[in-house]
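J.: Following this message is one structure expressed as structure tokens.
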Amino acid sequence: KSLGAVYNMRTCDSGKNVPQDTVHSVSVGGLLTDMDSSMQQMLQKSSKDLITGQSLRSTGEDTAETSRDFTFMVKKLSPAAADFSETLVAMNSSDADISFHIPAAVRADLRVTQHIDISLLFSAIQKSPVMGQVTPISPIVTLTIAGPNGDTIKLTNLSEPITIQIPISHVGMCLDEMSAYSGKGTCMYWDEASMKYSADGCTTEHSDSAKYVTCRCNHLTSFVVENTVKDEEPPSTTTGVATTSTPMPSVTTRSSTTSEMSFTTTGV
């Protein structure tokens, strides 16, 4: 709710969004860090109530025509499971779905296989604040993994990148940003240590539809997509940003048992 309130306070100056690092003396970076902590707590609590093969999803996710500010799923599964892919229904009817895929090499990582079972949390918050010079054009998407006790498994420097499909939109841009909008973006994540968005460890793959990008990152955390303007869009050979489009792996496996519950965020 707090992040939504900050987003609604977006203002334009000289045709560009004003940075929101501090709003009414409140550190917005602190709110983003609190959001990550809340996601970890939700994963910890919900994973303890699930058995292997069960999943928990936010209510109303099957109603695609309904706009939502927050959506999530938690799933408990064995590291030996054949498929680590999931999809969240689009937050708006005109948006692309939000999905992820974790490759076999990551599933075989010792940090994962040492556990009997693990839990995945995949969530999205619709409204991303402007931090520094970064104007997000996507939801904040979080992907994290926990062990049997709900303790977060820190996965960094992965041998193969995880892939996350994130929808993008020009909604919320100011006049100059709109006129310079390239229809593309750059994948970034929230770096709690530096309290800023960073592109380290991530590359971006653009889609032909310009409705989403695919982020390929060597770590798990919370991700956003930054607006890339026409006159600043660098060649892919110098940024690691791909320009071809490869579809996300299709998600055909669903857990046999699904629990439904409503969830209300507070202080985020």
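Identifiers in this document derive from the order of the structure tokens: chains are assigned A, B, ..., residues are numbered from 1 separately in each chain, and ligands are numbered from 1 in order of occurrence.
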Name the residues of region 61-152 of chain A that fall into alpha helix (DSSP H) according to DSSP on the backbone, using the chain letters and numbers of this document, as a list in words.
T.: Ala104, Ala105, Val106, Arg107, Leu110, Arg111, Val112 and Thr113 of chain A
J.: Which is closest to Glu226 (chain A) among A:Gly147, A:Pro79, A:Gly183, A:Gly15, if we use only C-alpha atoms?
T.: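 Ranking A:Gly147, A:Pro79, A:Gly183, A:Gly15 by distance to Glu226 (chain A), first place goes to A:Gly183.
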J.: Could you tell me how far CA of Val171 (chain A) lies from CA of Asn92 (chain A), in Å and to one decimal?
T.: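 If I compute the distance from CA of Val171 (chain A) to CA of Asn92 (chain A), I get 12.1 Å.
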J.: To one decimal place in Å, what is the distance between CA of Lys48 (chain A) and CA of Asp36 (chain A)?
T.: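 According to the coordinates, CA of Lys48 (chain A) and CA of Asp36 (chain A) are separated by 18.8 Å.
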J.: For Met9 (chain A), which of A:Gly172, A:Gln54, A:Ser119, A:Gln126 is the closest residue, counting only C-alpha atoms?
T.: A:Gly172
J.: If you run DSSP on the backbone, which residues of region 15-182 of chain A are strand (DSSP E), as an NGL selection string?
T.: :A and (16-17 or 22-23 or 26-27 or 54-58 or 70-77 or 85-88 or 98-101 or 118-125 or 140-146 or 162-167 or 181-182)
J.: What's the 10 Å shell around Arg111 (chain A), counting only C-alpha atoms, without same-chain residues fewer than 5 positions away, as a list of chain:residue names?
T.: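 Selected residues are A:Val106, A:Gly147, A:Ile153, A:Lys154, A:Leu155.
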J.: Output N, CA and C atoms of each residue in that selection to a file, as a short mmCIF file (atom, residue, chain, number, x, y, z; two decimals), in the first residue's frame.
T.:
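Contents of selection17.cif, freshly written:
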```
data_model
loop_
_atom_site.label_atom_id
_atom_site.label_comp_id
_atom_site.auth_asym_id
_atom_site.auth_seq_id
_atom_site.Cartn_x
_atom_site.Cartn_y
_atom_site.Cartn_z
N VAL A 106 20.59 -24.83 -12.48
CA VAL A 106 20.34 -24.16 -11.20
C VAL A 106 19.64 -25.11 -10.24
N GLY A 147 14.30 -22.89 1.94
CA GLY A 147 14.44 -24.28 2.34
C GLY A 147 13.23 -24.76 3.11
N ILE A 153 17.13 -19.22 0.58
CA ILE A 153 18.35 -19.75 -0.02
C ILE A 153 18.92 -18.66 -0.91
N LYS A 154 20.08 -18.15 -0.57
CA LYS A 154 20.70 -17.07 -1.35
C LYS A 154 21.36 -17.66 -2.59
N LEU A 155 20.80 -17.38 -3.73
CA LEU A 155 21.34 -17.87 -4.99
C LEU A 155 21.90 -16.71 -5.80
#
```
J.: Quick one: residues within 7 Å of Lys16 (chain A), only C-alpha atoms, excluding same-chain residues fewer than 5 positions away - as a tab-separated table (two decimals) with C-alpha atoms, in the first residue's frame?
T.:
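File result.tsv, as written:
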```
chain	number	residue	atom	x	y	z
A	174	CYS	CA	5.96	12.16	-18.54
A	175	LEU	CA	5.73	14.05	-21.86
A	176	ASP	CA	9.45	14.03	-22.79
A	177	GLU	CA	9.80	10.42	-21.71
```
J.: Would you list the contacts of Ala146 (chain A) as JSON, numbers by chain, taking every protein, DNA or RNA residue within 9 Å and counting only C-alpha atoms, but skipping same-chain residues closer than 2 positions in sequence?
T.: {"A": [40, 43, 44, 47, 112, 118, 119, 120, 121, 144, 148, 149, 150, 151, 152, 153, 154]}
J.: Write a file of the just-selected residues containing N, CA, C and O atoms, as a tab-separated table (two decimals), in the first residue's frame.
T.:
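Now in part30.tsv:
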```tsv
chain	number	residue	atom	x	y	z
A	40	GLN	N	9.79	-12.25	2.03
A	40	GLN	CA	10.47	-13.36	2.69
A	40	GLN	C	9.62	-13.92	3.83
A	40	GLN	O	9.54	-15.14	4.03
A	43	LEU	N	6.79	-15.96	2.40
A	43	LEU	CA	7.29	-17.26	1.94
A	43	LEU	C	7.54	-18.19	3.12
A	43	LEU	O	7.17	-19.36	3.09
A	44	GLN	N	8.12	-17.65	4.17
A	44	GLN	CA	8.44	-18.47	5.34
A	44	GLN	C	7.18	-19.02	5.99
A	44	GLN	O	7.08	-20.21	6.31
A	47	SER	N	5.05	-21.43	3.39
A	47	SER	CA	5.70	-22.68	3.00
A	47	SER	C	5.58	-23.74	4.10
A	47	SER	O	5.54	-24.94	3.80
A	112	VAL	N	20.67	-25.87	-3.60
A	112	VAL	CA	19.28	-26.30	-3.75
A	112	VAL	C	19.12	-27.78	-3.40
A	112	VAL	O	18.24	-28.16	-2.63
A	118	ILE	N	11.91	-27.63	-1.31
A	118	ILE	CA	12.10	-26.19	-1.30
A	118	ILE	C	10.77	-25.52	-1.60
A	118	ILE	O	9.83	-26.15	-2.08
A	119	SER	N	10.70	-24.23	-1.32
A	119	SER	CA	9.51	-23.44	-1.65
A	119	SER	C	9.92	-22.25	-2.52
A	119	SER	O	10.95	-21.62	-2.28
A	120	LEU	N	9.10	-21.98	-3.53
A	120	LEU	CA	9.31	-20.85	-4.43
A	120	LEU	C	8.27	-19.78	-4.16
A	120	LEU	O	7.09	-20.10	-4.00
A	121	LEU	N	8.69	-18.53	-4.12
A	121	LEU	CA	7.75	-17.42	-4.09
A	121	LEU	C	7.94	-16.60	-5.35
A	121	LEU	O	9.07	-16.26	-5.71
A	144	THR	N	12.06	-15.78	-5.36
A	144	THR	CA	12.99	-16.22	-4.32
A	144	THR	C	12.69	-17.66	-3.93
A	144	THR	O	11.59	-18.16	-4.18
A	148	PRO	N	13.26	-25.99	3.67
A	148	PRO	CA	12.11	-26.58	4.37
A	148	PRO	C	11.59	-25.74	5.53
A	148	PRO	O	10.39	-25.75	5.81
A	149	ASN	N	12.48	-25.00	6.20
A	149	ASN	CA	12.06	-24.19	7.34
A	149	ASN	C	11.66	-22.77	6.95
A	149	ASN	O	11.38	-21.94	7.82
A	150	GLY	N	11.65	-22.50	5.67
A	150	GLY	CA	11.27	-21.17	5.21
A	150	GLY	C	12.42	-20.19	5.16
A	150	GLY	O	12.22	-19.01	4.87
A	151	ASP	N	13.63	-20.66	5.44
A	151	ASP	CA	14.80	-19.78	5.40
A	151	ASP	C	15.24	-19.58	3.95
A	151	ASP	O	15.38	-20.54	3.18
A	152	THR	N	15.47	-18.33	3.58
A	152	THR	CA	15.81	-17.99	2.20
A	152	THR	C	17.13	-18.63	1.77
A	152	THR	O	18.11	-18.62	2.51
A	153	ILE	N	17.13	-19.22	0.58
A	153	ILE	CA	18.35	-19.75	-0.02
A	153	ILE	C	18.92	-18.66	-0.91
A	153	ILE	O	18.30	-18.27	-1.91
A	154	LYS	N	20.08	-18.15	-0.57
A	154	LYS	CA	20.70	-17.07	-1.35
A	154	LYS	C	21.36	-17.66	-2.59
A	154	LYS	O	22.35	-18.39	-2.50
```
J.: When you draw a straight line from CA of Ala210 (chain A) to CA of Ile168 (chain A), how long is it in Å?
T.: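 Going from CA of Ala210 (chain A) over to CA of Ile168 (chain A) covers 7.6 Å.
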J.: Have a look at A:His101, A:Lys76, A:His170, A:Lys196 and name the one nearest to Asp21 (chain A); count only C-alpha atoms.
T.: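 Closest candidate: A:Lys196.
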J.: Which residues are near region 10-13 of chain A? Cut-off 12 Å, only C-alpha atoms, ignore same chain within fewer than 5 positions. Put them as a JSON list (two decimals) with C-alpha atoms, in the first residue's frame.
T.:
```
[["chain", "number", "residue", "atom", "x", "y", "z"],
["A", 3, "LEU", "CA", 4.53, 1.75, -2.53],
["A", 4, "GLY", "CA", 1.20, 2.28, -4.28],
["A", 5, "ALA", "CA", 0.81, 5.62, -2.49],
["A", 18, "VAL", "CA", 10.97, 13.48, -10.51],
["A", 19, "PRO", "CA", 13.06, 10.95, -8.51],
["A", 20, "GLN", "CA", 11.23, 9.58, -5.48],
["A", 21, "ASP", "CA", 14.17, 8.49, -3.33],
["A", 22, "THR", "CA", 12.56, 10.42, -0.46],
["A", 23, "VAL", "CA", 8.85, 11.29, -0.26],
["A", 127, "LYS", "CA", 3.50, 0.16, -9.11],
["A", 128, "SER", "CA", 7.26, 0.78, -9.08],
["A", 129, "PRO", "CA", 8.71, 4.02, -7.68],
["A", 130, "VAL", "CA", 11.16, 6.23, -9.57],
["A", 131, "MET", "CA", 14.57, 5.92, -7.91],
["A", 135, "THR", "CA", 12.01, 5.29, -14.30],
["A", 136, "PRO", "CA", 10.52, 1.77, -14.18],
["A", 171, "VAL", "CA", 1.70, 4.34, -18.37],
["A", 172, "GLY", "CA", 3.13, 6.80, -15.85],
["A", 173, "MET", "CA", 5.64, 8.41, -18.20],
["A", 174, "CYS", "CA", 5.96, 12.16, -18.54],
["A", 175, "LEU", "CA", 5.73, 14.05, -21.86],
["A", 176, "ASP", "CA", 9.45, 14.03, -22.79],
["A", 177, "GLU", "CA", 9.80, 10.42, -21.71],
["A", 178, "MET", "CA", 6.84, 9.42, -23.85]]
```
J.: My list of candidates is A:Thr186, A:Thr71, A:Ser159, A:Ser78. Which is closest to Pro103 (chain A) when distances are computed with only C-alpha atoms?
T.: A:Ser159
J.: Nearest to Lys75 (chain A): which of A:Ala104, A:Ile145, A:Ile140, A:Leu32 is it, counting only C-alpha atoms?
T.: A:Ile145
J.: Write out as a VMD selection string which residues come within 9 Å of Thr33 (chain A) when counting only C-alpha atoms, dropping same-chain ones fewer than 3 positions away.
T.: chain A and resid 28 to 30 36 to 38 190 to 192 195
J.: Take the residues just selected and output them with C-alpha atoms as a short mmCIF file (atom, residue, chain, number, x, y, z; two decimals), in the first residue's frame.
T.:
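Final output, saved to again-v5.cif:
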```cif
data_model
loop_
_atom_site.label_atom_id
_atom_site.label_comp_id
_atom_site.auth_asym_id
_atom_site.auth_seq_id
_atom_site.Cartn_x
_atom_site.Cartn_y
_atom_site.Cartn_z
CA VAL A 28 11.40 4.99 -0.50
CA GLY A 29 14.46 2.76 -0.71
CA GLY A 30 13.58 1.64 2.80
CA ASP A 36 11.58 -7.67 0.12
CA SER A 37 11.46 -8.51 3.83
CA SER A 38 7.67 -8.89 3.68
CA TRP A 190 16.67 -3.71 -6.40
CA ASP A 191 20.11 -3.72 -4.73
CA GLU A 192 19.54 -3.40 -0.98
CA MET A 195 19.80 1.25 -2.17
#
```
J.: Give the answer as one residue: which of A:Thr87, A:Ser222, A:Thr214, A:Ser194 has the shortest atom-to-atom distance to Pro139 (chain A), using only C-alpha atoms?
T.: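 Using only C-alpha atoms, Pro139 (chain A) sits closest to A:Ser222.
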